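Enquirer: Handing over work-v5.tsv, TSV, C-alpha atoms.
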chain	number	residue	atom	x	y	z
P	325	MET	CA	-10.47	108.51	-14.66
P	326	ARG	CA	-10.74	105.28	-16.66
P	327	THR	CA	-12.46	103.48	-13.77
P	328	LEU	CA	-15.14	106.18	-13.66
P	329	ARG	CA	-15.60	105.87	-17.42
P	330	LEU	CA	-16.13	102.10	-17.08
P	331	PHE	CA	-18.85	102.77	-14.51
P	332	GLU	CA	-20.43	105.32	-16.85
P	333	LEU	CA	-20.39	102.77	-19.68
P	334	LEU	CA	-22.26	100.26	-17.53
P	335	ASP	CA	-24.76	102.97	-16.56
P	336	CYS	CA	-25.35	103.78	-20.27
P	337	LEU	CA	-25.97	100.13	-21.11
P	338	ARG	CA	-28.18	99.56	-18.07
P	339	SER	CA	-30.52	102.40	-19.08
P	340	ALA	CA	-30.64	101.40	-22.77
P	341	THR	CA	-33.54	99.34	-24.14
P	342	ALA	CA	-31.66	98.29	-27.30
P	343	PRO	CA	-28.04	97.64	-28.30
P	344	VAL	CA	-25.92	100.82	-28.33
P	345	SER	CA	-23.23	101.35	-30.96
P	346	ALA	CA	-19.63	102.16	-30.06
P	347	GLU	CA	-19.99	105.43	-31.96
P	348	GLU	CA	-22.99	106.51	-29.87
P	349	LEU	CA	-21.23	105.57	-26.64
P	350	ALA	CA	-18.16	107.47	-27.78
P	351	ARG	CA	-20.23	110.60	-28.37
P	352	LYS	CA	-21.84	110.37	-24.93
P	353	LEU	CA	-18.54	109.89	-23.12
P	354	GLU	CA	-16.59	112.23	-25.41
P	355	VAL	CA	-13.95	109.67	-26.36
P	356	SER	CA	-13.04	107.83	-29.55
P	357	PRO	CA	-14.76	104.62	-30.71
P	358	ARG	CA	-11.38	102.90	-30.36
P	359	THR	CA	-11.40	103.78	-26.65
P	360	ILE	CA	-14.88	102.26	-26.32
P	361	TYR	CA	-13.69	99.05	-27.95
P	362	ARG	CA	-10.82	98.81	-25.46
P	363	ASP	CA	-13.06	99.62	-22.49
P	364	MET	CA	-15.62	97.02	-23.53
P	365	ALA	CA	-12.90	94.39	-23.84
P	366	THR	CA	-11.76	95.32	-20.33
P	367	LEU	CA	-15.29	95.02	-18.91
P	368	GLN	CA	-15.78	91.64	-20.57
P	369	ALA	CA	-12.43	90.41	-19.23
P	370	MET	CA	-13.55	91.50	-15.75
P	371	GLY	CA	-16.68	89.37	-16.09
P	372	ALA	CA	-19.19	92.15	-16.75
P	373	PRO	CA	-22.29	90.77	-18.54
P	374	VAL	CA	-21.68	92.81	-21.70
P	375	ARG	CA	-22.47	91.35	-25.11
P	376	GLY	CA	-21.40	92.89	-28.40
P	377	GLU	CA	-23.33	92.25	-31.60
P	378	SER	CA	-21.76	92.92	-34.96
P	379	GLY	CA	-23.45	95.84	-36.68
P	380	LEU	CA	-25.79	96.46	-33.74
P	381	GLY	CA	-23.73	97.48	-30.74
P	382	TYR	CA	-23.36	96.55	-27.11
P	383	GLN	CA	-25.93	95.53	-24.51
P	384	LEU	CA	-26.13	93.91	-21.10
P	385	GLU	CA	-27.12	90.27	-20.96
P	386	LYS	CA	-30.74	89.73	-19.94
P	387	GLY	CA	-31.33	88.44	-16.45
P	388	TYR	CA	-28.36	90.18	-14.90
P	389	PHE	CA	-28.76	92.88	-12.26
P	390	LEU	CA	-26.17	95.51	-11.57
P	391	PRO	CA	-26.60	97.56	-8.39
P	392	PRO	CA	-26.27	101.33	-8.74
P	393	LEU	CA	-22.58	102.04	-9.02
P	394	HIS	CA	-22.50	105.78	-8.95
P	395	PHE	CA	-24.95	108.70	-8.92
P	396	ASP	CA	-23.64	112.13	-9.77
P	397	GLU	CA	-25.16	115.20	-8.12
P	398	ASP	CA	-27.68	115.86	-10.89
P	399	GLU	CA	-28.87	112.22	-10.81
P	400	MET	CA	-29.25	112.32	-7.01
P	401	GLU	CA	-31.33	115.49	-7.22
P	402	ALA	CA	-33.50	114.06	-10.00
P	403	ILE	CA	-34.19	110.93	-7.92
P	404	MET	CA	-34.93	112.86	-4.73
P	405	LEU	CA	-37.25	115.35	-6.45
P	406	GLY	CA	-39.08	112.57	-8.29
P	407	VAL	CA	-39.55	110.56	-5.10
P	408	HIS	CA	-40.92	113.55	-3.20
P	409	LEU	CA	-43.23	114.44	-6.08
P	410	VAL	CA	-44.75	110.95	-6.02
P	411	MET	CA	-44.99	111.04	-2.22
P	412	ALA	CA	-46.85	114.36	-2.46
P	413	ARG	CA	-49.16	113.61	-5.40
P	414	GLY	CA	-49.66	109.83	-5.36
P	415	ASP	CA	-52.27	107.80	-3.53
P	416	THR	CA	-51.36	106.28	-0.15
P	417	THR	CA	-49.99	103.05	-1.62
P	418	LEU	CA	-47.93	104.83	-4.28
P	419	ALA	CA	-46.56	107.35	-1.77
P	420	SER	CA	-45.53	104.51	0.55
P	421	ALA	CA	-43.80	102.74	-2.34
P	422	ALA	CA	-41.89	105.92	-3.20
P	423	HIS	CA	-40.70	106.17	0.41
P	424	ARG	CA	-39.44	102.55	0.28
P	425	VAL	CA	-37.69	103.15	-3.04
P	426	SER	CA	-35.87	106.13	-1.58
P	427	GLY	CA	-34.70	104.03	1.36
P	428	LYS	CA	-33.48	101.22	-0.90
P	429	LEU	CA	-31.58	103.64	-3.13
P	430	GLY	CA	-29.94	105.26	-0.13
P	431	SER	CA	-28.82	101.89	1.21
P	432	THR	CA	-26.90	101.14	-2.01
P	433	MET	CA	-24.68	104.20	-1.58
P	434	HIS	CA	-21.59	104.49	0.55
P	435	SER	CA	-22.18	106.26	3.87
P	436	GLN	CA	-21.11	109.76	2.83
P	437	ALA	CA	-23.12	109.68	-0.40
P	438	GLU	CA	-26.16	108.33	1.45
P	439	LEU	CA	-25.96	111.14	3.99
P	440	HIS	CA	-25.73	113.69	1.18
P	441	TYR	CA	-28.66	112.10	-0.65
P	442	ARG	CA	-30.96	112.00	2.39
P	443	ASN	CA	-30.26	115.66	3.21
P	444	LEU	CA	-30.72	117.13	-0.25
P	445	PRO	CA	-32.69	120.42	0.04
P	446	LEU	CA	-35.40	119.34	-2.42
P	447	ARG	CA	-39.07	118.84	-1.59
P	448	ALA	CA	-42.41	118.76	-3.42
P	449	TYR	CA	-45.76	119.89	-2.03
P	450	TYR	CA	-49.25	120.42	-3.38
P	451	ARG	CA	-52.33	122.35	-2.35
P	452	LYS	CA	-54.97	119.90	-1.16
P	453	THR	CA	-58.21	120.21	-3.14
P	454	MET	CA	-61.42	118.22	-3.58
P	455	GLU	CA	-60.33	117.37	-7.14
P	456	ILE	CA	-57.05	115.83	-5.97
P	457	ASP	CA	-58.78	113.93	-3.17
P	458	GLN	CA	-61.27	112.46	-5.65
P	459	ALA	CA	-58.50	111.51	-8.08
P	460	ASN	CA	-56.45	109.83	-5.35
P	461	LYS	CA	-59.42	107.65	-4.42
P	462	LEU	CA	-59.43	106.22	-7.94
P	463	LEU	CA	-55.66	106.00	-8.50
P	464	PRO	CA	-55.17	102.51	-6.97
P	465	LEU	CA	-57.93	101.04	-9.15
P	466	MET	CA	-56.63	102.79	-12.27
P	467	ARG	CA	-53.04	101.68	-11.73
P	468	ARG	CA	-54.13	98.09	-11.09
P	469	SER	CA	-56.45	98.06	-14.11
P	470	ILE	CA	-53.68	99.38	-16.38
P	471	ARG	CA	-51.22	96.76	-15.14
P	472	LYS	CA	-53.67	93.86	-15.51
P	473	ARG	CA	-55.47	95.23	-18.60
P	474	MET	CA	-58.88	95.11	-16.97
P	475	MET	CA	-61.81	96.67	-18.81
P	476	LEU	CA	-63.64	99.37	-16.88
P	477	ALA	CA	-67.15	100.78	-16.99
P	478	VAL	CA	-67.01	104.46	-16.01
P	479	ASP	CA	-69.51	107.24	-15.39
P	480	TYR	CA	-68.04	110.54	-16.53
P	481	THR	CA	-68.98	114.21	-16.51
P	482	ASP	CA	-67.03	116.39	-18.92
P	483	LEU	CA	-66.10	120.04	-18.39
P	484	SER	CA	-69.31	121.24	-20.05
P	485	GLY	CA	-71.41	119.19	-17.61
P	486	LYS	CA	-72.41	116.50	-20.10
P	487	GLU	CA	-72.76	113.10	-18.43
P	488	SER	CA	-72.14	109.66	-19.89
P	489	ARG	CA	-72.97	106.41	-18.11
P	490	GLU	CA	-71.06	103.13	-18.04
P	491	ARG	CA	-68.67	103.94	-20.84
P	492	LEU	CA	-66.67	100.79	-21.59
P	493	VAL	CA	-62.98	101.70	-21.77
P	494	ARG	CA	-59.54	100.14	-21.88
P	495	PRO	CA	-57.40	102.00	-19.31
P	496	LEU	CA	-53.98	102.57	-20.91
P	497	GLY	CA	-51.97	105.20	-19.08
P	498	LEU	CA	-51.93	107.98	-16.49
P	499	THR	CA	-50.47	111.47	-16.79
P	500	LEU	CA	-49.95	113.87	-13.90
P	501	PHE	CA	-50.47	117.54	-14.65
P	502	ASP	CA	-50.16	120.51	-12.29
P	503	ALA	CA	-53.60	120.10	-10.76
P	504	VAL	CA	-55.12	116.91	-12.21
P	505	TRP	CA	-54.50	113.26	-13.04
P	506	LEU	CA	-55.52	112.29	-16.57
P	507	LEU	CA	-56.47	108.76	-17.65
P	508	THR	CA	-55.84	107.91	-21.29
P	509	ALA	CA	-58.10	105.10	-22.45
P	510	TRP	CA	-59.46	103.44	-25.56
P	511	CYS	CA	-63.22	104.03	-25.69
P	512	GLU	CA	-65.04	101.02	-27.10
P	513	ALA	CA	-68.14	103.01	-28.06
P	514	ARG	CA	-66.22	105.76	-29.91
P	515	ASN	CA	-63.56	103.36	-31.22
P	516	ALA	CA	-60.94	105.99	-30.42
P	517	PHE	CA	-58.59	107.25	-27.72
P	518	ARG	CA	-60.16	109.43	-25.04
P	519	ASN	CA	-58.80	111.26	-22.00
P	520	PHE	CA	-60.65	111.40	-18.68
P	521	ARG	CA	-59.89	113.56	-15.68
P	522	LEU	CA	-59.91	111.28	-12.66
P	523	ASP	CA	-61.65	113.87	-10.51
P	524	ARG	CA	-64.57	113.92	-12.97
P	525	ILE	CA	-65.11	110.16	-13.01
P	526	GLY	CA	-68.13	109.56	-10.83
P	527	LYS	CA	-67.89	105.76	-10.78
P	528	ALA	CA	-65.47	103.18	-12.14
P	529	GLU	CA	-66.14	99.46	-11.99
P	530	VAL	CA	-64.17	96.45	-13.17
P	531	THR	CA	-66.22	94.51	-15.74
P	532	GLY	CA	-64.52	91.17	-15.15
P	533	THR	CA	-63.03	91.02	-18.65
P	534	THR	CA	-59.53	91.85	-19.86
P	535	PHE	CA	-58.24	93.30	-23.10
P	536	LYS	CA	-55.27	92.43	-25.32
P	537	ASN	CA	-52.29	94.67	-26.00
P	538	GLU	CA	-53.68	95.39	-29.44
P	539	LYS	CA	-51.65	97.36	-31.95
P	540	GLY	CA	-53.24	100.72	-32.71
P	541	LYS	CA	-55.00	100.79	-29.35
P	542	ARG	CA	-51.99	101.01	-27.01
P	543	PHE	CA	-50.76	103.90	-24.89
P	544	GLN	CA	-47.64	104.16	-27.04
P	545	ASP	CA	-49.84	104.42	-30.15
P	546	TYR	CA	-51.63	107.34	-28.52
P	547	LEU	CA	-48.33	109.03	-27.68
P	548	ASP	CA	-47.00	108.47	-31.20
P	549	ALA	CA	-50.06	110.22	-32.65
P	550	LEU	CA	-49.56	113.38	-30.59
P	551	PRO	CA	-48.15	116.39	-32.46
P	552	SER	CA	-44.44	116.84	-31.85
Before anything else, please render the file you have as structure tokens.

Expert:
Amino acid sequence: MRTLRLFELLDCLRSATAPVSAEELARKLEVSPRTIYRDMATLQAMGAPVRGESGLGYQLEKGYFLPPLHFDEDEMEAIMLGVHLVMARGDTTLASAAHRVSGKLGSTMHSQAELHYRNLPLRAYYRKTMEIDQANKLLPLMRRSIRKRMMLAVDYTDLSGKESRERLVRPLGLTLFDAVWLLTAWCEARNAFRNFRLDRIGKAEVTGTTFKNEKGKRFQDYLDALPS
């Protein structure tokens, strides 16, 4: 029982982006903070890369990699369904990457768990449409432009049929809805966030310039401004 809890503690720290307090860990694992203190001391004595900061909490040392130690049934199903969703709705490169990820995850599990994972009865499909085909043609460019912060000039036709030519935008993020991919961008002309359906972008070209990760014009800033 305690061994499983130690694995769960490492999983909690691995998924955290900031130090986690003993009290928060205790709530998640349904134990007392005193138990967390003892468990953390045990992990540190075993050589686990766990660092505790007074008043802040615990975190894993940067630069260390811990292989997946344990996936419960819900986690396995979440992974499998997510992988199949990307394989069904992503462009060719993204779908291929999802397939490789699934294989790598399976190889980290012991043989019985891997067999269970690969045979989970979960799949994802979509109805092929012209809109999805058009979006998938642009997905590789959009993903690359977001990663490298490359400015784009796009021709766009909105739902009312109004056309705009060579709109200069900063591509920030992609969202997958039931039937469409949506690009969130910062529009230089409007000086505001705008959303573009990929299937309604007639042309997208790299301008040769890049943009900075400027506060107030980031994808997270857009998300923070959405009504809760």

Enquirer: Find, counting only C-alpha atoms, the residue in P:Arg326, P:Arg338, P:Arg489, P:Lys352 that gets nearest to Lys386 in chain P.

Expert: P:Arg338

Enquirer: Could you pull the residues within 8 Å of Ala346 in chain P, counting all atoms listed in the file, minus those fewer than 6 positions along the same chain, as a list in words?

Expert: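 Result of the neighbour search: Pro357, Ile360, Tyr361, Gly381 and Tyr382 of chain P.
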
Enquirer: Check the smallest atom-to-atom distance from each of P:Leu337, P:Ala549, P:Met475, P:Leu462 to Gly376 in chain P using only C-alpha atoms, then report the winner.

Expert: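 Smallest distance to Gly376 in chain P is found for P:Leu337.
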
Enquirer: Between P:Trp505, P:Phe520, P:Phe331, P:Phe395, single out the one closest to Asp415 in chain P, counting all atoms listed in the file.

Expert: P:Trp505

Enquirer: Near range 398-414 of chain P, counting all atoms listed in the file, which residues have an atom at most 8 Å away, once you skip same-chain residues fewer than 3 positions from it, shown as a list of chain:residue names?

Expert: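 My list of contacting residues is P:Phe395, P:Thr417, P:Leu418, P:Ala419, P:Ser420, P:Ala422, P:His423, P:Val425, P:Ser426, P:Tyr441, P:Leu444, P:Leu446, P:Arg447, P:Ala448, P:Tyr449, P:Tyr450, P:Asn460, P:Leu463.
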
Enquirer: Restricting the calculation to all atoms listed in the file: of P:Ala503, P:Ala437, P:Ser339, P:Leu550, which residue gets closest to Asp457 in chain P?

Expert: P:Ala503

Enquirer: So that I can check the surroundings of Lys461 in chain P, please list as a VMD selection string every protein, DNA and RNA residue that reaches within 10 Å of it, counting only C-alpha atoms and ignoring chain neighbours fewer than 2 positions away.

Expert: chain P and resid 415 to 416 456 to 459 463 to 466 522 to 523

Enquirer: Just the number, please: distance in Å from CA of His434 in chain P to CA of Gly371 in chain P, one decimal.

Expert: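 Distance reported for this atom pair: 23.0 Å.
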
Enquirer: Between CA of Arg514 in chain P and CA of Arg471 in chain P, what is the spacing in Å?

Expert: 22.9 Å

Enquirer: Got a sec to check which residues sit within 12 Å of (-61.7, 122.8, -17.4), counting all atoms listed in the file, and write them as number ranges by chain?

Expert: P: 455, 481-485, 503-504, 520-521, 523-524

Enquirer: Which distance in Å separates CA of Leu507 in chain P and CA of Pro495 in chain P, to one decimal?

Expert: 7.0 Å

Enquirer: So that I can check the surroundings of Lys541 in chain P, please list as a PyMOL selection string every protein, DNA and RNA residue that reaches within 10 Å of it, counting all atoms listed in the file and ignoring chain neighbours fewer than 4 positions away.

Expert: chain P and resi 494+496+509-511+515-517+536-537+545-546

Enquirer: Restricting the output to C-alpha atoms, write the selected residues as an mmCIF file, in the coordinates of the input.

Expert:
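Ended up saving to selection_34.cif:
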data_model
loop_
_atom_site.group_PDB
_atom_site.id
_atom_site.type_symbol
_atom_site.label_atom_id
_atom_site.label_comp_id
_atom_site.auth_asym_id
_atom_site.auth_seq_id
_atom_site.Cartn_x
_atom_site.Cartn_y
_atom_site.Cartn_z
ATOM 1 C CA ARG P 494 -59.540 100.140 -21.880
ATOM 2 C CA LEU P 496 -53.980 102.570 -20.910
ATOM 3 C CA ALA P 509 -58.100 105.100 -22.450
ATOM 4 C CA TRP P 510 -59.460 103.440 -25.560
ATOM 5 C CA CYS P 511 -63.220 104.030 -25.690
ATOM 6 C CA ASN P 515 -63.560 103.360 -31.220
ATOM 7 C CA ALA P 516 -60.940 105.990 -30.420
ATOM 8 C CA PHE P 517 -58.590 107.250 -27.720
ATOM 9 C CA LYS P 536 -55.270 92.430 -25.320
ATOM 10 C CA ASN P 537 -52.290 94.670 -26.000
ATOM 11 C CA ASP P 545 -49.840 104.420 -30.150
ATOM 12 C CA TYR P 546 -51.630 107.340 -28.520
#

Enquirer: Residues near Arg473 in chain P, anyone? I mean within 7 Å using all atoms listed in the file, not counting same-chain ones fewer than 4 positions away, as number ranges by chain.

Expert: P: 469, 534-535

Enquirer: Could you turn the residues from that selection into a file that holds C-alpha atoms, as a compact mmCIF listing (two decimals), in the coordinates of the input?

Expert:
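Just written: result_4.txt:
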# COMPACT_ATOMS: atom_id res chain seq x y z
CA SER P 469 -56.45 98.06 -14.11
CA THR P 534 -59.53 91.85 -19.86
CA PHE P 535 -58.24 93.30 -23.10

Enquirer: Which residue, P:Leu349, P:Leu476, P:Met433, P:Leu506, has the smallest gap to Val493 in chain P when you use only C-alpha atoms?

Expert: P:Leu476

Enquirer: Given the choices P:Val530, P:Arg442, P:Gln436, P:Thr327, which gets closest to Arg468 in chain P if the distance is worked out from only C-alpha atoms?

Expert: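 Nearest candidate to Arg468 in chain P out of P:Val530, P:Arg442, P:Gln436, P:Thr327: P:Val530.
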